Structure formats: structure tokens, C-alpha cells
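What's in structure.csv: CSV, C-alpha atoms
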chain,number,residue,atom,x,y,z
Y,11,MET,CA,26.0,-131.7,71.7
Y,12,THR,CA,25.5,-134.3,74.3
Y,13,ALA,CA,22.2,-135.9,75.1
Y,14,GLU,CA,21.6,-133.7,78.1
Y,15,ILE,CA,21.9,-130.5,76.1
Y,16,ILE,CA,19.4,-131.8,73.4
Y,17,LEU,CA,17.0,-132.9,76.2
Y,18,PHE,CA,17.3,-129.6,77.9
Y,19,TRP,CA,16.5,-127.6,74.8
Y,20,LEU,CA,13.6,-129.9,73.8
Y,21,PHE,CA,11.9,-129.8,77.1
Y,22,ALA,CA,12.6,-126.1,77.7
Y,23,PHE,CA,10.8,-125.5,74.4
Y,24,LEU,CA,7.9,-127.8,75.4
Y,25,THR,CA,7.6,-126.1,78.8
Y,26,CYS,CA,7.5,-122.6,77.3
Y,27,ALA,CA,5.1,-123.6,74.5
Y,28,GLY,CA,2.7,-125.3,76.9
Y,29,ALA,CA,2.7,-122.3,79.2
Y,30,ILE,CA,2.0,-119.9,76.3
Y,31,LEU,CA,-0.8,-122.2,75.1
Y,32,VAL,CA,-2.3,-122.2,78.6
Y,33,ALA,CA,-2.3,-118.4,78.6
Y,34,VAL,CA,-3.6,-118.0,75.1
Y,35,SER,CA,-6.2,-120.7,74.6
Y,36,GLN,CA,-9.8,-120.0,75.3
Y,37,ASN,CA,-10.9,-123.7,75.5
Y,38,VAL,CA,-10.7,-125.1,79.0
Y,39,VAL,CA,-10.0,-128.7,77.9
Y,40,ARG,CA,-7.1,-127.5,75.7
Y,41,MET,CA,-5.8,-125.5,78.5
Y,42,ALA,CA,-5.8,-128.6,80.7
Y,43,PHE,CA,-3.9,-130.6,78.1
Y,44,SER,CA,-1.3,-127.8,77.7
Y,45,LEU,CA,-0.9,-127.8,81.4
Y,46,VAL,CA,-0.2,-131.5,81.4
Y,47,LEU,CA,2.5,-130.8,78.7
Y,48,THR,CA,4.0,-128.0,80.7
Y,49,LEU,CA,4.1,-129.8,84.1
Y,50,GLY,CA,5.5,-133.0,82.6
Y,51,SER,CA,8.3,-131.1,80.8
Y,52,THR,CA,9.1,-129.3,84.0
Y,53,ALA,CA,9.4,-132.6,85.7
Y,54,VAL,CA,12.0,-133.6,83.1
Y,55,LEU,CA,13.9,-130.3,83.7
Y,56,PHE,CA,13.9,-131.2,87.5
Y,57,LEU,CA,15.4,-134.6,86.6
Y,58,LEU,CA,18.1,-132.8,84.4
Y,59,LEU,CA,18.9,-130.6,87.4
Y,60,GLY,CA,19.7,-133.7,89.5
Y,61,ALA,CA,16.5,-133.5,91.6
Y,62,ASP,CA,15.3,-137.0,91.0
Y,63,PHE,CA,12.8,-137.3,93.9
Y,64,VAL,CA,11.3,-134.0,93.3
Y,65,GLY,CA,10.9,-134.8,89.6
Y,66,ALA,CA,9.2,-138.1,90.3
Y,67,THR,CA,6.9,-136.3,92.9
Y,68,GLN,CA,6.1,-133.7,90.3
Y,69,LEU,CA,5.0,-136.4,87.9
Y,70,LEU,CA,3.0,-138.4,90.5
Y,71,VAL,CA,1.4,-135.6,92.6
Y,72,TYR,CA,1.0,-132.8,90.1
Y,73,VAL,CA,0.4,-134.5,86.8
Y,74,GLY,CA,-1.3,-137.6,88.3
Y,75,GLY,CA,-3.2,-136.0,91.1
Y,76,THR,CA,-3.7,-132.2,91.0
Y,77,LEU,CA,-4.3,-132.0,87.2
Y,78,VAL,CA,-6.7,-134.9,87.2
Y,79,LEU,CA,-8.6,-133.0,89.9
Y,80,LEU,CA,-8.7,-130.0,87.7
Y,81,VAL,CA,-9.9,-132.0,84.7
Y,82,PHE,CA,-12.7,-133.4,87.0
Y,83,GLY,CA,-13.5,-129.8,87.8
Y,84,VAL,CA,-13.7,-129.0,84.1
Y,85,MET,CA,-16.1,-131.9,83.5
Y,86,LEU,CA,-18.3,-131.1,86.5
Y,87,THR,CA,-18.7,-127.4,85.6
Y,88,ALA,CA,-18.9,-127.5,81.8
Y,89,THR,CA,-22.4,-126.9,80.5
Y,90,GLY,CA,-21.5,-128.0,77.0
Y,91,PRO,CA,-18.9,-130.4,75.6
Y,92,PHE,CA,-16.6,-127.5,74.6
Y,93,THR,CA,-17.3,-124.6,77.0
Y,94,ARG,CA,-15.8,-121.3,76.0
Y,95,ILE,CA,-16.1,-118.2,78.1
Y,96,LYS,CA,-14.4,-115.7,76.0
Y,97,SER,CA,-12.9,-112.5,77.3
Y,98,SER,CA,-13.2,-109.4,75.1
Y,99,PRO,CA,-10.5,-108.9,72.4
Y,100,ALA,CA,-9.4,-105.5,73.9
Y,101,ASP,CA,-8.7,-107.1,77.2
Y,102,ALA,CA,-6.8,-109.9,75.5
Y,103,ILE,CA,-4.6,-107.5,73.6
Y,104,LEU,CA,-4.0,-105.3,76.6
Y,105,SER,CA,-3.1,-108.2,78.8
Y,106,GLY,CA,-0.8,-109.7,76.1
Y,107,LEU,CA,1.0,-106.4,75.8
Y,108,ILE,CA,1.4,-106.1,79.6
Y,109,GLY,CA,2.6,-109.7,79.7
Y,110,VAL,CA,5.3,-109.1,77.1
Y,111,VAL,CA,6.6,-106.0,78.9
Y,112,PHE,CA,6.6,-107.9,82.2
Y,113,LEU,CA,8.4,-110.8,80.7
Y,114,PHE,CA,11.0,-108.4,79.2
Y,115,ILE,CA,11.6,-106.8,82.6
Y,116,VAL,CA,12.0,-110.1,84.4
Y,117,ALA,CA,14.1,-111.7,81.8
Y,118,SER,CA,16.4,-108.8,81.4
Y,119,THR,CA,16.9,-108.7,85.2
Y,120,VAL,CA,17.6,-112.4,85.3
Y,121,THR,CA,20.2,-112.4,82.5
Y,122,ALA,CA,21.9,-109.3,83.9
Y,123,VAL,CA,23.0,-111.1,87.0
Y,124,PRO,CA,26.6,-112.4,86.9
Y,125,TRP,CA,26.5,-115.9,88.3
Y,126,VAL,CA,29.8,-116.1,90.1
Y,127,ASP,CA,30.6,-117.8,93.4
Y,128,SER,CA,30.9,-115.3,96.2
Y,129,GLU,CA,33.9,-117.2,97.7
Y,130,ASP,CA,36.3,-117.9,94.8
Y,131,GLY,CA,34.8,-115.7,92.1
Y,132,ASN,CA,34.4,-118.6,89.6
Y,133,ASP,CA,31.4,-118.9,87.3
Y,134,ILE,CA,29.1,-121.3,89.0
Y,135,SER,CA,27.6,-122.5,85.8
Y,136,GLN,CA,31.0,-123.7,84.7
Y,137,LYS,CA,31.7,-125.3,88.0
Y,138,ILE,CA,28.7,-127.6,88.0
Y,139,LYS,CA,27.8,-129.2,84.7
Y,140,ILE,CA,24.4,-130.4,83.9
Y,141,GLY,CA,24.2,-134.2,83.9
Y,142,THR,CA,27.2,-134.8,86.1
Y,143,HIS,CA,26.7,-136.1,89.6
Y,144,THR,CA,26.3,-133.6,92.4
Y,145,LYS,CA,28.0,-133.6,95.8
Y,146,SER,CA,25.3,-135.7,97.3
Y,147,ALA,CA,26.3,-138.6,95.1
Y,148,GLU,CA,29.5,-139.0,96.9
Y,149,GLY,CA,27.9,-139.6,100.2
Y,150,GLY,CA,28.4,-143.3,100.3
Y,151,PHE,CA,24.8,-144.2,99.4
Y,152,ASN,CA,23.8,-146.3,96.4
Y,153,PRO,CA,22.9,-143.9,93.7
Y,154,ALA,CA,22.1,-146.6,91.1
Y,155,GLN,CA,19.2,-148.0,93.2
Y,156,GLN,CA,18.1,-145.1,95.3
Y,157,GLY,CA,18.9,-142.0,93.3
Y,158,ASN,CA,21.0,-139.2,94.6
Y,159,THR,CA,18.5,-137.3,96.7
Y,160,THR,CA,15.9,-139.7,98.1
Y,161,ARG,CA,17.7,-140.7,101.2
Y,162,PRO,CA,19.1,-137.2,102.1
Y,163,LEU,CA,15.6,-135.8,101.6
Y,164,GLY,CA,14.0,-138.4,103.8
Y,165,LEU,CA,16.6,-137.9,106.5
Y,166,SER,CA,16.1,-134.1,106.4
Y,167,PHE,CA,12.4,-134.7,107.0
Y,168,LEU,CA,13.4,-136.5,110.1
Y,169,SER,CA,15.6,-133.5,111.2
Y,170,LEU,CA,18.8,-135.2,110.2
Y,171,ARG,CA,20.9,-133.4,107.6
Y,172,ALA,CA,22.9,-136.1,105.9
Y,173,ASP,CA,24.3,-133.7,103.3
Y,174,ARG,CA,25.7,-131.2,105.8
Y,175,ASP,CA,26.3,-132.8,109.2
Y,176,LEU,CA,27.4,-136.3,108.3
Y,177,LYS,CA,30.0,-135.0,105.9
Y,178,LEU,CA,31.5,-132.9,108.7
Y,179,GLY,CA,31.7,-135.9,110.9
Y,180,LEU,CA,30.0,-133.9,113.6
Y,181,PRO,CA,28.2,-136.6,115.6
Y,182,SER,CA,31.4,-138.6,116.1
Y,183,GLU,CA,33.3,-135.5,117.1
Y,184,LEU,CA,30.7,-134.4,119.6
Y,185,SER,CA,30.4,-137.8,121.2
Y,186,ALA,CA,34.2,-138.1,121.4
Y,187,GLU,CA,34.4,-134.7,123.1
Y,188,SER,CA,31.6,-135.5,125.5
Y,189,ASN,CA,33.3,-138.8,126.5
Y,190,THR,CA,36.8,-137.4,127.1
Y,191,ALA,CA,35.8,-134.1,128.6
Y,192,PRO,CA,36.4,-134.0,132.4
Y,193,VAL,CA,33.2,-133.7,134.3
Y,194,VAL,CA,33.6,-130.4,136.1
Y,195,PRO,CA,30.5,-128.5,137.2
Y,196,GLY,CA,30.4,-125.1,135.7
Y,197,ALA,CA,33.3,-125.8,133.4
Y,198,SER,CA,31.8,-123.9,130.4
Y,199,VAL,CA,34.7,-121.5,130.2
Y,200,VAL,CA,37.7,-122.6,128.2
Y,201,MET,CA,40.5,-123.6,130.6
Y,202,PRO,CA,44.1,-123.0,129.7
Y,203,GLY,CA,45.6,-126.0,128.2
Y,204,VAL,CA,42.4,-127.2,126.7
Y,205,THR,CA,42.3,-126.7,122.9
Y,206,PRO,CA,39.2,-124.9,121.7
Y,207,PRO,CA,36.8,-126.9,119.5
Y,208,PRO,CA,37.8,-126.8,115.8
Y,209,LYS,CA,36.2,-124.3,113.6
Y,210,SER,CA,34.1,-126.8,111.7
Y,211,SER,CA,32.1,-127.8,114.7
Y,212,VAL,CA,29.2,-125.6,114.1
Y,213,PRO,CA,26.0,-126.7,115.7
Y,214,PRO,CA,24.2,-129.3,113.6
Y,215,SER,CA,21.9,-128.0,110.9
Y,216,THR,CA,18.2,-128.2,111.7
Y,217,GLY,CA,16.1,-130.4,109.6
Y,218,TYR,CA,12.5,-130.1,108.6
Y,219,LEU,CA,10.6,-132.3,111.0
Y,220,LEU,CA,8.2,-129.6,112.4
Y,221,PRO,CA,7.4,-128.1,108.9
Y,222,PHE,CA,6.8,-131.7,107.7
Y,223,GLU,CA,4.3,-132.4,110.5
Y,224,ILE,CA,2.6,-129.0,110.0
Y,225,VAL,CA,2.1,-129.6,106.3
Y,226,SER,CA,0.8,-133.1,107.0
Y,227,VAL,CA,-1.8,-131.9,109.4
Y,228,HIS,CA,-2.6,-129.0,107.0
Y,229,LEU,CA,-3.2,-131.4,104.1
Y,230,LEU,CA,-5.5,-133.5,106.3
Y,231,VAL,CA,-7.5,-130.5,107.5
Y,232,VAL,CA,-7.7,-129.1,103.9
Y,233,LEU,CA,-9.0,-132.4,102.5
Y,234,VAL,CA,-11.7,-132.7,105.2
Y,235,GLY,CA,-12.7,-129.1,104.5
Y,236,ALA,CA,-12.8,-129.7,100.8
Y,237,ALA,CA,-15.0,-132.7,101.2
Y,238,TYR,CA,-17.3,-130.6,103.5
Y,239,LEU,CA,-17.5,-127.8,101.0
Y,240,ALA,CA,-18.1,-129.9,97.9
Y,241,ARG,CA,-20.8,-132.1,99.4
Y,242,THR,CA,-24.0,-132.4,97.5
Y,243,LYS,CA,-26.8,-130.3,98.7
Y,244,ARG,CA,-30.1,-128.9,97.5
Y,245,ARG,CA,-29.8,-126.0,95.1
Y,246,ALA,CA,-31.3,-122.9,96.8
Y,247,THR,CA,-32.2,-121.0,93.6
Y,248,THR,CA,-34.5,-123.7,92.2
R,24,MET,CA,24.4,-123.8,74.4
R,25,GLU,CA,25.2,-125.1,77.8
R,26,PRO,CA,22.2,-125.1,80.2
R,27,THR,CA,23.4,-122.3,82.5
R,28,PRO,CA,21.3,-121.0,85.5
R,29,ASP,CA,20.0,-118.0,83.6
R,30,LYS,CA,18.4,-120.2,81.0
R,31,PHE,CA,16.5,-122.1,83.7
R,32,LEU,CA,15.6,-118.8,85.3
R,33,PHE,CA,14.3,-117.5,81.9
R,34,ILE,CA,12.1,-120.6,81.5
R,35,SER,CA,10.8,-119.9,85.0
R,36,ALA,CA,10.1,-116.3,84.1
R,37,VAL,CA,8.1,-117.4,81.1
R,38,LEU,CA,6.1,-119.8,83.3
R,39,PHE,CA,5.5,-117.0,85.8
R,40,VAL,CA,4.4,-114.4,83.3
R,41,CYS,CA,2.1,-116.9,81.5
R,42,GLY,CA,0.6,-117.8,84.8
R,43,VAL,CA,0.0,-114.2,85.8
R,44,VAL,CA,-1.6,-113.4,82.4
R,45,CYS,CA,-3.7,-116.5,82.7
R,46,MET,CA,-4.9,-115.5,86.2
R,47,THR,CA,-5.8,-112.0,85.1
R,48,THR,CA,-7.5,-112.6,81.8
R,49,LYS,CA,-9.4,-115.8,82.2
R,50,ARG,CA,-13.0,-115.6,83.1
R,51,ASN,CA,-13.3,-119.3,83.7
R,52,GLY,CA,-12.7,-120.2,87.4
R,53,ILE,CA,-10.8,-123.4,86.5
R,54,GLY,CA,-8.6,-121.4,84.1
R,55,ILE,CA,-7.6,-119.1,87.0
R,56,LEU,CA,-6.6,-122.2,89.0
R,57,MET,CA,-4.4,-123.3,86.1
R,58,GLY,CA,-2.7,-120.0,86.2
R,59,VAL,CA,-2.0,-120.4,89.9
R,60,GLU,CA,-0.5,-123.8,89.1
R,61,LEU,CA,1.8,-122.2,86.5
R,62,VAL,CA,3.1,-119.6,89.0
R,63,LEU,CA,3.8,-122.2,91.6
R,64,ASN,CA,5.7,-124.3,89.1
R,65,ALA,CA,7.8,-121.3,88.2
R,66,ALA,CA,8.7,-120.9,91.9
R,67,ASN,CA,9.5,-124.7,92.0
R,68,LEU,CA,11.8,-124.4,89.0
R,69,ASN,CA,13.7,-121.5,90.6
R,70,PHE,CA,14.1,-123.5,93.9
R,71,ILE,CA,15.5,-126.5,92.1
R,72,THR,CA,17.8,-124.3,89.9
R,73,PHE,CA,19.3,-122.6,92.9
R,74,SER,CA,19.5,-125.9,94.8
R,75,ARG,CA,21.7,-127.2,92.0
R,76,PHE,CA,23.9,-124.2,91.1
R,77,THR,CA,24.4,-122.5,94.5
R,78,PRO,CA,25.3,-123.7,98.0
R,79,LEU,CA,21.6,-123.8,98.9
R,80,GLY,CA,21.9,-127.5,98.6
R,81,LEU,CA,19.0,-129.8,99.6
R,82,ASP,CA,17.0,-127.0,101.2
R,83,GLY,CA,15.6,-125.9,97.8
R,84,GLN,CA,14.4,-129.4,97.0
R,85,VAL,CA,12.7,-129.7,100.4
R,86,PHE,CA,10.9,-126.4,99.9
R,87,SER,CA,9.8,-127.4,96.4
R,88,LEU,CA,8.3,-130.5,97.9
R,89,PHE,CA,6.4,-128.3,100.4
R,90,VAL,CA,5.2,-126.1,97.5
R,91,ILE,CA,3.9,-129.2,95.6
R,92,VAL,CA,2.0,-130.4,98.7
R,93,LEU,CA,0.5,-126.9,99.3
R,94,ALA,CA,-0.5,-126.6,95.6
R,95,ALA,CA,-2.4,-129.9,95.9
R,96,ALA,CA,-4.2,-128.6,99.0
R,97,GLU,CA,-5.0,-125.3,97.3
R,98,ALA,CA,-6.3,-127.0,94.2
R,99,ALA,CA,-8.6,-129.2,96.3
R,100,VAL,CA,-10.1,-126.3,98.3
R,101,ALA,CA,-10.4,-124.0,95.3
R,102,LEU,CA,-12.1,-126.7,93.3
R,103,ALA,CA,-14.6,-127.3,96.1
R,104,ILE,CA,-15.4,-123.5,96.1
R,105,ALA,CA,-15.7,-123.6,92.3
R,106,LEU,CA,-18.2,-126.4,92.5
R,107,ASN,CA,-20.2,-124.5,95.1
R,108,PHE,CA,-20.1,-121.4,92.9
R,109,TYR,CA,-21.4,-123.5,90.0
R,110,ASN,CA,-24.2,-124.9,92.1
R,111,ASN,CA,-25.3,-121.5,93.1
R,112,HIS,CA,-24.9,-119.6,89.8
R,113,LEU,CA,-25.1,-122.4,87.1
R,114,THR,CA,-22.0,-121.1,85.5
R,115,ILE,CA,-18.2,-120.9,86.3
R,116,ASP,CA,-17.8,-117.4,84.9
R,117,VAL,CA,-16.1,-115.4,87.7
R,118,ASP,CA,-17.6,-112.1,86.5
R,119,ARG,CA,-21.0,-113.4,87.7
R,120,GLY,CA,-19.7,-113.6,91.3
R,121,ASP,CA,-20.1,-110.0,92.1
R,122,GLU,CA,-22.8,-110.3,94.8
R,123,LEU,CA,-22.1,-111.1,98.4
R,124,HIS,CA,-25.5,-112.3,99.6
R,125,GLY,CA,-26.0,-116.0,99.4
As C-alpha cells, what does this structure read like?
Amino acid sequence: MTAEIILFWLFAFLTCAGAILVAVSQNVVRMAFSLVLTLGSTAVLFLLLGADFVGATQLLVYVGGTLVLLVFGVMLTATGPFTRIKSSPADAILSGLIGVVFLFIVASTVTAVPWVDSEDGNDISQKIKIGTHTKSAEGGFNPAQQGNTTRPLGLSFLSLRADRDLKLGLPSELSAESNTAPVVPGASVVMPGVTPPPKSSVPPSTGYLLPFEIVSVHLLVVLVGAAYLARTKRRATT
Amino acid sequence: MEPTPDKFLFISAVLFVCGVVCMTTKRNGIGILMGVELVLNAANLNFITFSRFTPLGLDGQVFSLFVIVLAAAEAAVALAIALNFYNNHLTIDVDRGDELHG
């Protein structure tokens, strides 16, 4: 029992318990607190899976931003200090039953899948242990100060795949080929005597510059629209 | 006892089912939003799990970052709509929103 296994089971239990409390509770304020518990524990699970930047973003954006927004919504729409809008007991029992059946279907499907690698047939859960460093830690960066994934994520948002392309040595190979190749117009066919390019020289992987820009503009438009929708105005019914 | 991928996927399944049950049973509009957040978190956990245990690599983490940003945008717009609903109906009970005329 290493520390990673103990942490995994502790935060897995906290995640599931918080999620069930969110679904069961009828009090909105308690639901918000249970959601804080669930999202924070999920952030710890992300950190255990080696996704340090995503875990930190989950804590900062989700728990610190989105959930505070939800709590403000609860405060602005509550007519009393402890607002309860109950659903009928028959509906609660029926939905709980359907939820248990649904969970059984999904969980049995997930646990029935054999997690083997398609190339060598090994169990992938035995190949990569929790808590050990991933492949991206070997990239020559400084994992003690920057984490394992921060710099590759930032480069991928700039359409540069450090985890795939730089390891293949593609830019140096391509530049070497373009320097030494004879400049012949229309020489796209492979001439005899010229060795074909090696098999590893696939075209460079595409990054995420365009989706990043799209999501940035989308977030700006959404925030402007939210500010327009939620502006104070005279109530029409009074 | 080792944390294998199916254990993470089981946690994700629990999150997803709880989110769906929360979305379908709550009559409070903010509660429905919380169910949506649970479902999006289940998707994020699946992305991170597959990015760790499969050759998916960094793509799963990039997409989970996009999901986080889109969830923040969705929460902002839905909360503005909920506030407008509260201004018009003086309650947040979504069963009261069954009329289309303003």
C-alpha cells in the first residue's frame, strides 16, 4: 500500500460520495457544497493521473470560478435562507431505480472491456503504473519546476506538438533534407539512387491553435451575452 | 487494489449517472446546472484516464481543457437565463416555466 493507492481510494470515495449527495439532497446549498467536494476530489484524481496542469485548472476555474458563480446564483434566486423545492417521493423513487439500473449497465460494460494494448497484447494497466512519471517527463524539460505537462500543453496550443514531433526529430530531418536535396523543378518523383524518406517521417502532427482561438472568441462572446442577459431591468409583472 | 483504468472509468460512470439523475429529478434550475457540471466532469475524467493509459497522449488533456472552458461559458449563460426566469416568475422552479409568451 503505497501513498498513491491510499490517496486514490480516499479521493475516489470522496468523489462518488459527493456525487451521490448532489443527486440525493434536496437543499440547494448542500448540493453546492457536495459539488465542491466532488470537483476538488476529481482534481486530485487528475493529479494522480499525471495531468498536473489540468488538475490545477480544475481547481482554479471549476472550484474557484464556476462553482462560485453557481453559489451566487443560489443566493440571488433563493426566497428564503434554506430554499427547498421538493420533487414528489414517487418521482424520486422511480428516478433512483432508473439511475441504479443505468449505473449497472454502464459499469458492467466498462469492467467487461479487456484493457490490453492492441500492438503487443500487454495489459496497459500493468504497463503504466500510477504515480510514476509518464513519457512526457523524459522530454528534457524541468519537471521539478514546471510539471510534466505544462510546457507540452502550451506548445500544443501554439500548434507545436512537443510530445510527438520533437521526439521524432522531424524538424531537423526535414530541414536537412531540404538543404541537401538538389533543386530540380518537378522532381517530386523518387529518382533511382535516391533513398526514400524513412518511415518515421510522417507529416508533423497538427496542434490546437485554431480550436484555441475559437474557444477564446467563444468565451468572450458568451460573457458579453451573459452580461446582456442578466442586466437589471424593470420587472414586467409588477 | 492498483488503480487500473476500469476503476477510474467506474468513478466516471458514477459521476455521469448521478449527473443525469440530478438533471432529471431536480425542480430547482440551479440544481439542473449542477447536474450538467457533474456530467461534464465525468467526461473530463474519462479523457484524462485515456490520455494516461492509452496512446492518446496529450490530446485528452487538451480536450479536457476545452471542456472546462466550455463548462464555464455554459454556466455563465445558463445562470443569466435563470436570473431572468427568476425576475419574471419570482421562483426558480422549472415546472413553472411552461408558458411561452413573455
- Message: Neighbouring residues of Asn64 in chain R were defined as those with any atom within 9 Å, considering all atoms listed in the file; residues of the same chain fewer than 4 positions away were excluded. Please report them as a PyMOL selection string.
- Response: (chain Y and resi 49+52) or (chain R and resi 35+38-39+59-60+68-69+87+90-91)
For chain R, list the residues within 7 Å of chain Y, counting all atoms listed in the file, and write the list as an mmCIF file with C-alpha atoms, in the frame of the given file.
data_model
loop_
_atom_site.group_PDB
_atom_site.id
_atom_site.type_symbol
_atom_site.label_atom_id
_atom_site.label_comp_id
_atom_site.auth_asym_id
_atom_site.auth_seq_id
_atom_site.Cartn_x
_atom_site.Cartn_y
_atom_site.Cartn_z
ATOM 1 C CA GLU R 25 25.200 -125.100 77.800
ATOM 2 C CA PRO R 26 22.200 -125.100 80.200
ATOM 3 C CA THR R 27 23.400 -122.300 82.500
ATOM 4 C CA PRO R 28 21.300 -121.000 85.500
ATOM 5 C CA ASP R 29 20.000 -118.000 83.600
ATOM 6 C CA LEU R 32 15.600 -118.800 85.300
ATOM 7 C CA PHE R 33 14.300 -117.500 81.900
ATOM 8 C CA ILE R 34 12.100 -120.600 81.500
ATOM 9 C CA ALA R 36 10.100 -116.300 84.100
ATOM 10 C CA VAL R 37 8.100 -117.400 81.100
ATOM 11 C CA LEU R 38 6.100 -119.800 83.300
ATOM 12 C CA VAL R 40 4.400 -114.400 83.300
ATOM 13 C CA CYS R 41 2.100 -116.900 81.500
ATOM 14 C CA GLY R 42 0.600 -117.800 84.800
ATOM 15 C CA VAL R 44 -1.600 -113.400 82.400
ATOM 16 C CA CYS R 45 -3.700 -116.500 82.700
ATOM 17 C CA THR R 48 -7.500 -112.600 81.800
ATOM 18 C CA LYS R 49 -9.400 -115.800 82.200
ATOM 19 C CA ARG R 50 -13.000 -115.600 83.100
ATOM 20 C CA ASN R 51 -13.300 -119.300 83.700
ATOM 21 C CA ILE R 53 -10.800 -123.400 86.500
ATOM 22 C CA GLY R 54 -8.600 -121.400 84.100
ATOM 23 C CA ILE R 71 15.500 -126.500 92.100
ATOM 24 C CA THR R 72 17.800 -124.300 89.900
ATOM 25 C CA ARG R 75 21.700 -127.200 92.000
ATOM 26 C CA PHE R 76 23.900 -124.200 91.100
ATOM 27 C CA GLN R 84 14.400 -129.400 97.000
ATOM 28 C CA VAL R 85 12.700 -129.700 100.400
ATOM 29 C CA LEU R 88 8.300 -130.500 97.900
ATOM 30 C CA ALA R 95 -2.400 -129.900 95.900
ATOM 31 C CA ALA R 96 -4.200 -128.600 99.000
ATOM 32 C CA ALA R 98 -6.300 -127.000 94.200
ATOM 33 C CA ALA R 99 -8.600 -129.200 96.300
ATOM 34 C CA VAL R 100 -10.100 -126.300 98.300
ATOM 35 C CA LEU R 102 -12.100 -126.700 93.300
ATOM 36 C CA ALA R 103 -14.600 -127.300 96.100
ATOM 37 C CA ILE R 104 -15.400 -123.500 96.100
ATOM 38 C CA LEU R 106 -18.200 -126.400 92.500
ATOM 39 C CA ASN R 107 -20.200 -124.500 95.100
ATOM 40 C CA TYR R 109 -21.400 -123.500 90.000
ATOM 41 C CA ASN R 110 -24.200 -124.900 92.100
ATOM 42 C CA ASN R 111 -25.300 -121.500 93.100
ATOM 43 C CA ILE R 115 -18.200 -120.900 86.300
#
- If you measure from CA of Val46 in chain Y to CA of Leu24 in chain Y, what distance in Å do you get, rounded to one decimal?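 Going from CA of Val46 in chain Y over to CA of Leu24 in chain Y covers 10.7 Å.
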- Query: Smallest atom-to-atom distance to Leu63 in chain R: which of R:Thr114, R:Gly120, R:Met24, R:Phe86, using all atoms listed in the file?
  - Reply: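 When distances to Leu63 in chain R are compared using all atoms listed in the file, the smallest one comes from R:Phe86.
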- Message: One number please: CA of Ser169 in chain Y to CA of Thr216 in chain Y, in Å, one decimal.
- Response: 5.9 Å
- Would you mind telling me which residue in Y:Pro99, Y:Arg161, Y:Val227, Y:Leu69 lies nearest to Leu47 in chain Y when using all atoms listed in the file?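 Answer, going by the shortest atom-to-atom distance: Y:Leu69.
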- Query: Out of R:Glu97, R:Met46, R:His112, R:Phe31, which residue has the shortest atom-to-atom distance to Asn67 in chain R when counting all atoms listed in the file?
  - Reply: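 Looking only at the distances to Asn67 in chain R, the closest residue turns out to be R:Phe31.
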- Of the residues Y:Leu165, Y:Ala100, Y:Leu70, Y:Met85, which is the one nearest to Val92 in chain R, using all atoms listed in the file?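 Ranked by minimum distance to Val92 in chain R, first place goes to Y:Leu70.
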- To one decimal place, how far is CA of Asp116 in chain R from CA of Arg40 in chain Y in Å?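 Straight-line distance from CA of Asp116 in chain R to CA of Arg40 in chain Y works out to 17.4 Å.
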